[in-house]
>>> print(open('target14.txt').read())   # compact mmCIF, C-alpha atoms
# COMPACT_ATOMS: atom_id res chain seq x y z
CA MET Q 26 -120.45 29.64 -10.74
CA SER Q 27 -120.46 32.64 -13.02
CA PHE Q 28 -122.42 35.62 -11.66
CA LEU Q 29 -121.50 38.17 -14.31
CA GLU Q 30 -121.00 37.20 -17.91
CA LEU Q 31 -120.21 39.30 -20.95
CA ARG Q 32 -120.59 37.46 -24.25
CA ASN Q 33 -118.96 39.01 -27.32
CA VAL Q 34 -119.82 42.50 -26.15
CA SER Q 35 -119.00 45.38 -28.47
CA LYS Q 36 -119.72 49.06 -28.00
CA SER Q 37 -119.39 51.84 -30.55
CA TYR Q 38 -120.07 55.56 -30.27
CA GLY Q 39 -120.80 57.94 -33.16
CA GLU Q 40 -120.94 56.90 -36.79
CA GLY Q 41 -119.14 57.35 -40.09
CA SER Q 42 -115.95 59.36 -39.69
CA THR Q 43 -116.65 59.93 -35.98
CA LEU Q 44 -117.16 56.24 -35.20
CA VAL Q 45 -115.29 55.13 -32.07
CA LYS Q 46 -115.13 51.45 -31.25
CA ALA Q 47 -114.79 51.41 -27.47
CA LEU Q 48 -115.18 47.65 -26.96
CA LEU Q 49 -114.68 44.84 -29.43
CA GLU Q 50 -116.00 41.31 -28.90
CA VAL Q 51 -115.26 41.24 -25.18
CA SER Q 52 -116.13 38.03 -23.35
CA LEU Q 53 -115.63 37.83 -19.63
CA SER Q 54 -117.01 35.74 -16.82
CA VAL Q 55 -116.79 36.57 -13.11
CA ASP Q 56 -117.66 33.95 -10.51
CA ARG Q 57 -119.33 34.55 -7.17
CA GLY Q 58 -116.69 35.33 -4.58
CA SER Q 59 -114.16 36.23 -7.22
CA LEU Q 60 -112.27 39.51 -7.67
CA VAL Q 61 -111.30 40.40 -11.24
CA ALA Q 62 -109.17 43.43 -12.06
CA VAL Q 63 -109.21 45.07 -15.47
CA MET Q 64 -106.02 46.89 -16.43
CA GLY Q 65 -105.31 48.95 -19.49
CA PRO Q 66 -104.15 52.36 -20.64
CA SER Q 67 -106.47 55.37 -20.87
CA GLY Q 68 -108.96 54.92 -23.69
CA SER Q 69 -108.64 51.12 -23.69
CA GLY Q 70 -112.33 50.68 -22.85
CA LYS Q 71 -112.05 49.86 -19.13
CA SER Q 72 -114.76 52.23 -17.94
CA THR Q 73 -117.07 51.33 -20.84
CA LEU Q 74 -116.76 47.67 -19.89
CA LEU Q 75 -117.77 48.52 -16.35
CA THR Q 76 -120.77 50.67 -17.26
CA ILE Q 77 -122.07 47.99 -19.64
CA ALA Q 78 -121.54 45.27 -17.00
CA GLY Q 79 -123.50 47.42 -14.56
CA SER Q 80 -126.39 48.01 -17.02
CA LEU Q 81 -125.69 51.75 -17.06
CA GLU Q 82 -125.13 51.52 -20.83
CA GLU Q 83 -126.37 49.16 -23.54
CA PRO Q 84 -123.87 47.25 -25.65
CA THR Q 85 -124.02 47.80 -29.42
CA SER Q 86 -123.89 44.03 -29.82
CA GLY Q 87 -123.37 41.01 -27.61
CA GLU Q 88 -125.02 39.99 -24.39
CA VAL Q 89 -124.63 40.68 -20.67
CA LEU Q 90 -125.93 38.22 -18.10
CA ILE Q 91 -126.18 38.85 -14.39
CA ASP Q 92 -127.01 35.83 -12.26
CA THR Q 93 -127.88 33.98 -15.51
CA GLN Q 94 -130.46 36.64 -16.49
CA SER Q 95 -129.87 38.43 -19.78
CA LEU Q 96 -130.06 42.22 -19.39
CA ALA Q 97 -131.37 42.50 -22.96
CA LYS Q 98 -134.49 40.60 -21.93
CA MET Q 99 -135.21 42.79 -18.91
CA SER Q 100 -137.61 45.71 -18.89
CA HIS Q 101 -136.44 49.20 -17.92
CA ASN Q 102 -137.94 48.74 -14.44
CA GLU Q 103 -136.37 45.32 -13.97
CA LYS Q 104 -132.96 46.75 -14.79
CA ALA Q 105 -133.51 49.65 -12.40
CA ARG Q 106 -134.42 47.14 -9.65
CA LEU Q 107 -131.30 45.12 -10.45
CA ARG Q 108 -129.16 48.25 -10.09
CA ARG Q 109 -130.81 49.12 -6.77
CA ARG Q 110 -130.72 45.66 -5.24
CA THR Q 111 -127.94 43.61 -6.77
CA ILE Q 112 -125.22 45.90 -8.08
CA GLY Q 113 -123.02 48.24 -6.08
CA TYR Q 114 -120.84 50.89 -7.71
CA VAL Q 115 -117.69 52.50 -6.37
CA PHE Q 116 -116.16 55.48 -8.16
CA GLN Q 117 -112.86 57.29 -7.87
CA ASP Q 118 -114.55 60.47 -6.60
CA PHE Q 119 -116.76 58.58 -4.11
CA ASN Q 120 -120.07 60.10 -5.37
CA LEU Q 121 -121.49 60.54 -1.87
CA LEU Q 122 -124.42 62.91 -1.35
CA ALA Q 123 -123.07 65.93 0.51
CA GLY Q 124 -126.29 66.68 2.42
CA LEU Q 125 -126.56 63.20 3.92
CA SER Q 126 -124.55 61.64 6.75
CA ALA Q 127 -122.40 58.55 6.14
CA LEU Q 128 -125.18 56.36 7.56
CA GLU Q 129 -127.85 58.03 5.41
CA ASN Q 130 -125.69 57.70 2.28
CA VAL Q 131 -125.47 53.95 2.87
CA SER Q 132 -129.09 53.43 3.85
CA LEU Q 133 -130.55 55.59 1.06
CA PRO Q 134 -130.49 52.92 -1.72
CA LEU Q 135 -132.28 50.50 0.62
CA GLU Q 136 -134.92 53.06 1.54
CA LEU Q 137 -135.42 53.92 -2.15
CA ASP Q 138 -136.08 50.23 -2.58
CA ASP Q 139 -138.95 50.50 -0.06
CA LEU Q 140 -137.16 48.91 2.87
CA ALA Q 141 -138.43 50.23 6.21
CA PRO Q 142 -136.13 53.08 7.35
CA LYS Q 143 -135.32 51.39 10.67
CA ARG Q 144 -134.30 48.15 8.95
CA ALA Q 145 -132.40 50.06 6.24
CA ARG Q 146 -130.42 51.96 8.84
CA ALA Q 147 -129.61 48.78 10.79
CA LEU Q 148 -128.24 47.19 7.61
CA ALA Q 149 -126.35 50.38 6.75
CA MET Q 150 -124.77 50.46 10.22
CA ALA Q 151 -123.71 46.81 9.84
CA ALA Q 152 -122.10 47.66 6.48
CA LEU Q 153 -120.26 50.63 8.02
CA GLU Q 154 -119.05 48.35 10.84
CA ASN Q 155 -117.71 45.89 8.25
CA VAL Q 156 -115.53 48.59 6.73
CA GLY Q 157 -114.43 49.84 10.16
CA ILE Q 158 -116.08 53.23 10.11
CA ALA Q 159 -119.20 52.83 12.25
CA GLU Q 160 -118.00 55.50 14.68
CA ARG Q 161 -118.16 58.08 11.86
CA ALA Q 162 -121.73 57.15 10.87
CA GLY Q 163 -123.17 60.53 11.84
CA HIS Q 164 -120.58 62.60 9.97
CA PHE Q 165 -121.18 64.30 6.64
CA PRO Q 166 -118.89 63.60 3.66
CA ASP Q 167 -117.03 66.89 4.00
CA GLU Q 168 -116.17 65.94 7.59
CA LEU Q 169 -114.50 62.71 6.44
CA SER Q 170 -111.03 62.07 4.96
CA GLY Q 171 -110.70 60.65 1.43
CA GLY Q 172 -110.05 57.18 2.82
CA GLU Q 173 -113.09 57.39 5.09
CA ARG Q 174 -115.31 58.59 2.24
CA GLN Q 175 -114.28 55.66 0.10
CA ARG Q 176 -115.04 53.27 2.98
CA VAL Q 177 -118.54 54.75 3.11
CA ALA Q 178 -118.84 54.31 -0.67
CA ILE Q 179 -117.81 50.65 -0.35
CA ALA Q 180 -120.31 50.13 2.47
CA ARG Q 181 -123.01 51.61 0.21
CA ALA Q 182 -121.92 49.33 -2.63
CA VAL Q 183 -122.18 46.11 -0.61
CA VAL Q 184 -125.07 46.93 1.74
CA GLY Q 185 -128.07 44.63 1.83
CA GLU Q 186 -128.31 41.87 -0.76
CA ARG Q 187 -125.88 43.25 -3.31
CA ARG Q 188 -123.99 40.51 -5.09
CA LEU Q 189 -121.97 42.39 -7.71
CA LEU Q 190 -119.52 45.18 -6.96
CA LEU Q 191 -118.19 47.30 -9.83
CA ALA Q 192 -115.41 49.73 -9.00
CA ASP Q 193 -113.80 52.29 -11.32
CA GLU Q 194 -110.36 53.36 -10.06
CA PRO Q 195 -111.63 53.06 -6.46
CA SER Q 196 -108.40 54.27 -4.93
CA GLY Q 197 -107.33 56.75 -7.58
CA ALA Q 198 -107.67 59.69 -5.20
CA LEU Q 199 -106.15 57.97 -2.18
CA ASP Q 200 -102.63 57.45 -0.82
CA SER Q 201 -101.08 53.98 -0.99
CA ALA Q 202 -102.12 52.89 2.53
CA ASN Q 203 -105.75 53.88 1.98
CA GLY Q 204 -105.69 52.41 -1.52
CA GLU Q 205 -104.55 49.11 -0.11
CA ALA Q 206 -107.20 49.28 2.60
CA VAL Q 207 -109.87 49.76 -0.09
CA MET Q 208 -108.67 46.70 -1.99
CA LYS Q 209 -108.63 44.66 1.23
CA MET Q 210 -112.23 45.66 1.88
CA ILE Q 211 -113.26 44.68 -1.63
CA ARG Q 212 -111.43 41.38 -1.22
CA GLY Q 213 -113.21 40.93 2.11
CA ALA Q 214 -116.56 41.47 0.38
CA CYS Q 215 -115.60 38.81 -2.18
CA LYS Q 216 -114.86 36.37 0.63
CA GLN Q 217 -118.50 36.88 1.65
CA GLY Q 218 -119.55 35.73 -1.84
CA ILE Q 219 -119.74 38.99 -3.78
CA ALA Q 220 -118.43 39.02 -7.36
CA ALA Q 221 -116.30 42.10 -8.03
CA VAL Q 222 -114.76 43.83 -11.02
CA VAL Q 223 -112.22 46.56 -10.35
CA VAL Q 224 -110.94 48.76 -13.13
CA THR Q 225 -107.51 50.23 -12.43
CA HIS Q 226 -104.30 51.29 -14.12
CA ASP Q 227 -102.39 50.55 -10.89
CA ALA Q 228 -100.64 47.15 -10.79
CA HIS Q 229 -100.30 47.42 -6.99
CA LEU Q 230 -104.08 47.35 -6.67
CA ALA Q 231 -104.71 44.90 -9.49
CA SER Q 232 -102.44 42.42 -7.73
CA TRP Q 233 -105.11 41.95 -5.05
CA ALA Q 234 -107.34 40.32 -7.68
CA ASP Q 235 -107.73 36.61 -8.33
CA ARG Q 236 -107.44 37.31 -12.04
CA VAL Q 237 -106.19 40.31 -13.99
CA ILE Q 238 -107.56 41.06 -17.46
CA PHE Q 239 -105.54 43.28 -19.81
CA LEU Q 240 -107.55 45.49 -22.14
CA LYS Q 241 -106.09 47.33 -25.11
CA ASP Q 242 -107.90 49.25 -27.85
CA GLY Q 243 -111.21 47.77 -26.70
CA ARG Q 244 -110.07 44.14 -26.78
CA ILE Q 245 -108.99 41.71 -24.08
CA VAL Q 246 -105.42 40.97 -25.10
CA ASP Q 247 -104.24 38.88 -22.17
CA GLN Q 248 -104.99 37.70 -18.64
CA THR Q 249 -103.06 36.31 -15.72
CA VAL Q 250 -103.14 32.65 -14.84
CA PRO Q 251 -103.76 31.67 -11.22
CA PRO Q 252 -100.50 32.32 -9.37
CA PRO Q 253 -98.53 29.41 -7.92
CA SER Q 254 -97.92 29.18 -4.20
CA PRO Q 255 -96.16 32.29 -2.88
CA GLU Q 256 -93.66 29.94 -1.24
CA SER Q 257 -91.94 29.77 -4.64
CA LEU Q 258 -90.83 33.37 -4.12
CA LEU Q 259 -88.75 32.56 -1.08
CA ALA Q 260 -85.54 31.25 -2.62
CA PRO Q 261 -82.23 31.09 -0.72
CA LEU Q 262 -79.90 34.06 -1.10
CA PRO Q 263 -76.84 33.88 -3.30
CA SER Q 264 -73.55 34.38 -1.46
CA SER Q 265 -72.51 37.97 -0.90
CA MET V 26 -77.61 42.48 -1.12
CA SER V 27 -74.89 42.82 1.52
CA ILE V 28 -75.08 39.92 3.96
CA ARG V 29 -71.76 41.16 5.35
CA HIS V 30 -73.22 44.47 6.48
CA ALA V 31 -76.46 42.92 7.68
CA LEU V 32 -74.39 40.66 9.98
CA LEU V 33 -72.39 43.67 11.23
CA ALA V 34 -75.71 45.40 12.01
CA LEU V 35 -76.85 42.40 14.07
CA LEU V 36 -73.53 42.34 15.94
CA SER V 37 -73.90 46.05 16.75
CA GLN V 38 -76.55 44.92 19.25
CA GLY V 39 -73.97 42.81 21.13
CA PRO V 40 -71.94 39.58 20.82
CA LYS V 41 -73.74 36.68 19.14
CA TYR V 42 -73.25 33.06 18.11
CA GLY V 43 -73.13 32.14 14.41
CA PHE V 44 -76.36 30.12 14.51
CA GLN V 45 -78.02 33.01 16.35
CA LEU V 46 -76.92 35.46 13.63
CA ARG V 47 -78.43 33.25 10.95
CA GLN V 48 -81.71 32.99 12.85
CA GLU V 49 -81.90 36.73 13.54
CA PHE V 50 -81.01 37.61 9.93
CA GLU V 51 -83.86 35.47 8.65
CA GLN V 52 -86.33 36.82 11.21
CA GLY V 53 -85.17 40.37 10.54
CA THR V 54 -85.94 40.02 6.85
CA GLY V 55 -89.37 38.52 7.49
CA ASP V 56 -88.03 35.01 6.60
CA VAL V 57 -88.10 36.11 2.97
CA TRP V 58 -84.34 35.66 2.44
CA PRO V 59 -83.22 32.30 3.84
CA LEU V 60 -79.50 31.89 4.49
CA ASN V 61 -77.64 28.61 4.67
CA VAL V 62 -75.20 27.87 7.47
CA GLY V 63 -72.26 27.79 5.06
CA GLN V 64 -73.00 31.34 3.87
CA VAL V 65 -73.11 32.62 7.43
CA TYR V 66 -69.84 31.05 8.54
CA SER V 67 -67.90 31.90 5.36
CA THR V 68 -69.07 35.54 5.64
CA LEU V 69 -68.13 35.64 9.33
CA GLN V 70 -64.71 34.23 8.46
CA ARG V 71 -64.17 36.98 5.88
CA LEU V 72 -65.28 39.65 8.35
CA GLU V 73 -62.87 38.26 10.92
CA HIS V 74 -59.98 38.32 8.45
CA SER V 75 -60.74 41.92 7.53
CA GLY V 76 -60.74 42.87 11.21
CA HIS V 77 -64.40 43.94 11.31
CA ILE V 78 -65.32 41.31 13.90
CA GLU V 79 -63.54 39.18 16.45
CA SER V 80 -64.41 35.79 17.84
CA ASP V 81 -64.13 34.32 21.26
CA ASP V 82 -60.94 32.26 21.03
CA SER V 83 -61.98 29.96 23.87
CA ALA V 84 -64.05 27.77 21.53
CA ASP V 85 -63.26 26.06 18.24
CA ASP V 86 -65.00 26.95 14.98
CA GLY V 87 -68.63 25.96 15.26
CA PRO V 88 -71.90 26.82 16.92
CA GLN V 89 -70.28 27.65 20.29
CA LYS V 90 -68.12 30.45 18.86
CA VAL V 91 -69.18 33.97 19.90
CA PHE V 92 -68.57 36.93 17.56
CA HIS V 93 -68.43 40.59 18.42
CA LEU V 94 -67.99 43.82 16.49
CA THR V 95 -64.63 45.63 16.51
CA GLU V 96 -64.23 49.42 16.35
CA GLU V 97 -63.22 48.96 12.72
CA GLY V 98 -66.40 46.96 12.09
CA LYS V 99 -68.47 49.64 13.76
CA SER V 100 -66.92 52.30 11.48
CA GLU V 101 -67.51 50.14 8.41
CA LEU V 102 -71.17 49.63 9.38
CA HIS V 103 -71.72 53.40 9.81
CA ARG V 104 -69.91 54.13 6.56
CA TRP V 105 -72.20 51.65 4.75
CA LEU V 106 -75.38 53.06 6.31
CA SER V 107 -74.47 56.65 5.52
CA THR V 108 -73.38 55.99 1.92
CA PRO V 109 -76.11 56.00 -0.73
CA THR V 110 -76.36 52.71 -2.62
CA ASP V 111 -74.91 53.28 -6.10
CA MET V 112 -77.80 53.93 -8.44
CA ALA V 113 -76.19 56.78 -10.37
CA SER V 114 -75.62 54.96 -13.64
CA PRO V 115 -78.35 52.92 -15.34
CA PRO V 116 -78.10 49.19 -14.69
CA ARG V 117 -77.61 46.98 -17.73
CA ASP V 118 -81.11 45.68 -17.43
CA GLU V 119 -81.92 42.57 -19.44
CA LEU V 120 -85.54 43.60 -19.92
CA VAL V 121 -84.55 47.00 -21.34
CA ILE V 122 -82.08 45.31 -23.69
CA LYS V 123 -84.76 42.78 -24.70
CA VAL V 124 -87.27 45.51 -25.57
CA LEU V 125 -84.63 47.49 -27.50
CA SER V 126 -83.60 44.32 -29.35
CA ALA V 127 -87.22 43.43 -30.17
CA LEU V 128 -87.47 46.72 -32.08
CA ARG V 129 -84.82 45.49 -34.52
CA VAL V 130 -85.83 41.88 -35.04
CA PRO V 131 -87.98 41.34 -38.16
CA GLY V 132 -91.25 39.56 -37.49
CA VAL V 133 -91.24 40.35 -33.74
CA ASP V 134 -93.86 42.70 -32.32
CA VAL V 135 -92.27 44.65 -29.47
CA ASN V 136 -95.73 45.11 -27.96
CA ASP V 137 -96.00 41.34 -27.52
CA VAL V 138 -92.67 41.33 -25.68
CA ILE V 139 -93.93 44.16 -23.45
CA GLN V 140 -97.23 42.44 -22.67
CA LEU V 141 -95.53 39.11 -21.97
CA HIS V 142 -93.44 40.81 -19.28
CA ARG V 143 -96.31 42.91 -17.96
CA ARG V 144 -98.38 39.79 -17.32
CA TYR V 145 -95.44 37.97 -15.75
CA LEU V 146 -94.76 40.91 -13.41
CA VAL V 147 -98.42 41.26 -12.40
CA GLU V 148 -98.49 37.52 -11.64
CA LEU V 149 -95.41 37.94 -9.43
CA MET V 150 -97.10 40.89 -7.71
CA GLN V 151 -100.19 38.75 -7.13
CA GLN V 152 -98.01 36.20 -5.34
CA TRP V 153 -96.41 38.84 -3.10
CA THR V 154 -99.79 40.42 -2.39
CA HIS V 155 -101.15 36.99 -1.52
CA LEU V 156 -98.45 36.78 1.15
CA LYS V 157 -99.64 40.11 2.50
CA ASP V 158 -103.27 39.13 2.58
CA ASP V 159 -103.28 37.72 6.07
CA GLU V 160 -101.80 40.61 7.97
CA ALA V 161 -102.54 38.97 11.30
CA GLU V 162 -99.45 36.81 10.80
CA PHE V 163 -97.41 39.76 9.68
CA ASP V 164 -94.30 41.22 11.17
CA LEU V 165 -92.86 44.62 10.36
CA ALA V 166 -89.70 43.33 8.66
CA PHE V 167 -91.75 41.06 6.43
CA ALA V 168 -94.13 43.89 5.51
CA LEU V 169 -91.21 46.15 4.56
CA VAL V 170 -89.61 43.45 2.41
CA VAL V 171 -92.88 42.65 0.64
CA ASP V 172 -93.58 46.37 0.03
CA ALA V 173 -90.07 46.75 -1.42
CA GLU V 174 -90.59 43.84 -3.81
CA LEU V 175 -94.03 45.09 -4.87
CA SER V 176 -92.69 48.59 -5.49
CA ARG V 177 -89.75 47.24 -7.49
CA LEU V 178 -92.02 45.12 -9.71
CA ASP V 179 -94.52 47.97 -10.03
CA SER V 180 -91.82 50.35 -11.21
CA VAL V 181 -90.87 47.93 -13.98
CA ILE V 182 -94.53 47.70 -15.06
CA ARG V 183 -94.71 51.50 -15.13
CA TRP V 184 -91.66 51.57 -17.40
CA LEU V 185 -93.35 49.01 -19.69
CA ASP V 186 -96.48 51.21 -19.79
CA GLN V 187 -94.36 54.23 -20.63
CA ALA V 188 -92.44 52.32 -23.29
CA GLU V 189 -95.68 51.14 -24.90
CA GLY V 190 -97.07 54.69 -24.93
CA ARG V 191 -93.84 56.10 -26.36
CA LEU V 192 -93.74 53.45 -29.09
CA LYS V 193 -97.37 54.19 -29.98
CA ARG V 194 -96.66 57.92 -30.26
CA ALA V 195 -93.49 57.28 -32.26
CA GLU V 196 -95.52 55.21 -34.70
CA ALA V 197 -98.07 58.00 -35.12
CA GLU V 198 -95.68 60.95 -35.32
CA PRO V 199 -93.29 61.76 -38.19
CA ALA V 200 -89.60 61.18 -37.51
CA VAL V 201 -87.80 64.06 -35.77
CA SER V 202 -85.39 66.02 -38.01
CA SER V 203 -81.83 64.77 -37.69
CA ASN V 204 -80.60 68.40 -37.91
CA ALA V 205 -81.73 69.02 -34.35
CA PRO V 206 -78.81 69.37 -31.93
CA ARG V 207 -78.16 66.27 -29.90
CA PHE V 208 -77.31 66.59 -26.25
CA ARG V 209 -77.24 62.92 -25.42
CA ARG V 210 -75.04 62.27 -22.44
CA ARG V 211 -72.79 59.32 -22.42
CA LEU V 212 -74.24 57.00 -19.80
CA VAL V 213 -72.18 54.19 -18.42
CA ALA V 214 -74.14 51.10 -17.50
CA ARG V 215 -73.49 49.28 -14.26
CA ARG V 216 -72.56 45.58 -14.10
>>> encode(input="target14.txt", output="structure tokens")
Amino acid sequence: MSFLELRNVSKSYGEGSTLVKALLEVSLSVDRGSLVAVMGPSGSGKSTLLTIAGSLEEPTSGEVLIDTQSLAKMSHNEKARLRRRTIGYVFQDFNLLAGLSALENVSLPLELDDLAPKRARALAMAALENVGIAERAGHFPDELSGGERQRVAIARAVVGERRLLLADEPSGALDSANGEAVMKMIRGACKQGIAAVVVTHDAHLASWADRVIFLKDGRIVDQTVPPPSPESLLAPLPSS
Amino acid sequence: MSIRHALLALLSQGPKYGFQLRQEFEQGTGDVWPLNVGQVYSTLQRLEHSGHIESDDSADDGPQKVFHLTEEGKSELHRWLSTPTDMASPPRDELVIKVLSALRVPGVDVNDVIQLHRRYLVELMQQWTHLKDDEAEFDLAFALVVDAELSRLDSVIRWLDQAEGRLKRAEAEPAVSSNAPRFRRRLVARR
């Protein structure tokens, strides 16, 4: 069942001679438990798609639905609640708060949402355990490696009742092993029922997705079809 | 892919039966490259004729025959390992030729040809990544083979991305003056 839906979404910036059409009639549906990657060159509209899907920006036209609810029909406060409770964001540069420990970074959104601090911290610790970094819970971001920081960011994005994970180049600043670990974690979150959209220019990372969407000049130009069984790859060798 | 040298490498660990070599080759490549019995025995026969291996004469041809590496075989194996695989000249790559050809065919959009291949390659990468997903069942050889395939496919996608960007810029920029000196090297394609 579709958890995130974009219907004919367009987004323009500026006007007249400075008009930039960032997205053009984009329709996309992401099911619960599904991981969708969006690939495209710089300036193709990938990040705009993500910010509109996450209600951080309004589309110029078209409609965005999250869990069947249209964002256009929500009040400012309802959208803010949706962002606090339902949507998790992961960015290339982690966006962790430097003055808070890993545990506090993860529990903060829950506490801002009026959850009791003790309960919030228990949930945050469980999220850190899920991404294999519970033993670093008391450390501050500058005491963590890039890979560890991104694990904390993923824990923050999936903690509590979040059902939609939006990630913008989540492994852009990491080496290949840590990048792969990040994608595995996101895939793991999807197996728990979270719907995820990952924006990346890296085919290695996109290949972890169930479906890959190709964006060019603001339009979806293509997408992968579900791959056949990997067994088809294992053909006998030709003679040497 | 040199099955010959891979078999010499296995025999460098000690004498082995033909069926054992086949089994160890497949396990050693993460079961990604299956070999048939005929391939194994015909390769062993060639290696024996070239003096790189010897067989136990006590048994007839068949599963009971034991093979071992000769000094000549050992030298050949070390020569192979210490010689870089020839990648000096560009391979005559069908995809490159297809993209270059698409530029000349009226009514064909080269960008469509590029995207068609990009999608196909990403789909192949999805299949390989799917194999990687359950790392609990993983062995090191398999992981290395899968990483190699993913990197190979990824490098082709990167070339497609570069080609698309270059074509876009070429469309936007005026043609370069033909008076400019040309330093194009003559490149000889492999295969």
>>> residues_around(input="target14.txt", residues="range 125-136 of chain V", least_positions_apart="3", cutoff="10 Å", atoms="only C-alpha atoms", output="mmCIF file with C-alpha atoms, in the coordinates of the input")
data_model
loop_
_atom_site.group_PDB
_atom_site.id
_atom_site.type_symbol
_atom_site.label_atom_id
_atom_site.label_comp_id
_atom_site.auth_asym_id
_atom_site.auth_seq_id
_atom_site.Cartn_x
_atom_site.Cartn_y
_atom_site.Cartn_z
ATOM 1 C CA GLU V 119 -81.920 42.570 -19.440
ATOM 2 C CA LEU V 120 -85.540 43.600 -19.920
ATOM 3 C CA VAL V 121 -84.550 47.000 -21.340
ATOM 4 C CA ILE V 122 -82.080 45.310 -23.690
ATOM 5 C CA ILE V 139 -93.930 44.160 -23.450
ATOM 6 C CA GLN V 140 -97.230 42.440 -22.670
ATOM 7 C CA LEU V 141 -95.530 39.110 -21.970
ATOM 8 C CA HIS V 142 -93.440 40.810 -19.280
ATOM 9 C CA LEU V 185 -93.350 49.010 -19.690
ATOM 10 C CA ALA V 188 -92.440 52.320 -23.290
ATOM 11 C CA GLU V 189 -95.680 51.140 -24.900
ATOM 12 C CA LEU V 192 -93.740 53.450 -29.090
ATOM 13 C CA LYS V 193 -97.370 54.190 -29.980
#
>>> closest_atom_pairs(input="target14.txt", of="chain V", to="chain Q", cutoff="9 Å", atoms="all atoms listed in the file", output="tab-separated table")
residue	atom	partner	partner_atom	distance
V:Met26	CA	Q:Ser265	CA	6.8
V:Ser27	CA	Q:Ser265	CA	5.9
V:Ile28	CA	Q:Ser265	CA	5.8
V:Arg29	CA	Q:Ser265	CA	7.1
V:Asp56	CA	Q:Leu259	CA	8.1
V:Val57	CA	Q:Leu259	CA	5.4
V:Trp58	CA	Q:Leu262	CA	5.9
V:Pro59	CA	Q:Pro261	CA	4.8
V:Leu60	CA	Q:Pro261	CA	5.9
V:Asn61	CA	Q:Pro261	CA	7.5
V:Gln64	CA	Q:Ser264	CA	6.2
V:Thr68	CA	Q:Ser265	CA	7.8
V:Gln140	CA	Q:Asp247	CA	7.9
V:Leu141	CA	Q:Asp247	CA	8.7
V:Arg144	CA	Q:Thr249	CA	6.0
V:Tyr145	CA	Q:Thr249	CA	7.8
V:Leu146	CA	Q:Ala228	CA	9.0
V:Val147	CA	Q:Ser232	CA	6.3
V:Glu148	CA	Q:Pro252	CA	6.0
V:Leu149	CA	Q:Pro252	CA	7.6
V:Met150	CA	Q:Ser232	CA	5.6
V:Gln151	CA	Q:Ser232	CA	4.3
V:Gln152	CA	Q:Pro255	CA	5.0
V:Trp153	CA	Q:Pro255	CA	6.6
V:Thr154	CA	Q:Trp233	CA	6.1
V:His155	CA	Q:Pro255	CA	7.0
V:Leu156	CA	Q:Pro255	CA	6.5
V:Asp158	CA	Q:Lys209	CA	7.8
V:Leu175	CA	Q:His229	CA	7.0
V:Ser176	CA	Q:His229	CA	7.8
V:Leu178	CA	Q:Ala228	CA	8.9
V:Asp179	CA	Q:Ala228	CA	6.2
V:Ile182	CA	Q:Ala228	CA	7.5
V:Arg183	CA	Q:Ala228	CA	8.5
V:Asp186	CA	Q:Pro66	CA	7.8
V:Gly190	CA	Q:Pro66	CA	8.6
>>> atom_distance(input="target14.txt", atom1="CA of Leu189 in chain Q", atom2="CA of Ser95 in chain Q")
15.0 Å
>>> atom_distance(input="target14.txt", atom1="CA of Leu53 in chain Q", atom2="CA of His101 in chain Q")
23.8 Å
>>> residues_around(input="target14.txt", residues="Gly68 in chain Q", least_positions_apart="4", cutoff="9 Å", atoms="only C-alpha atoms", output="list in words")
Ala47, Ser72, Lys241, Asp242 and Gly243 of chain Q
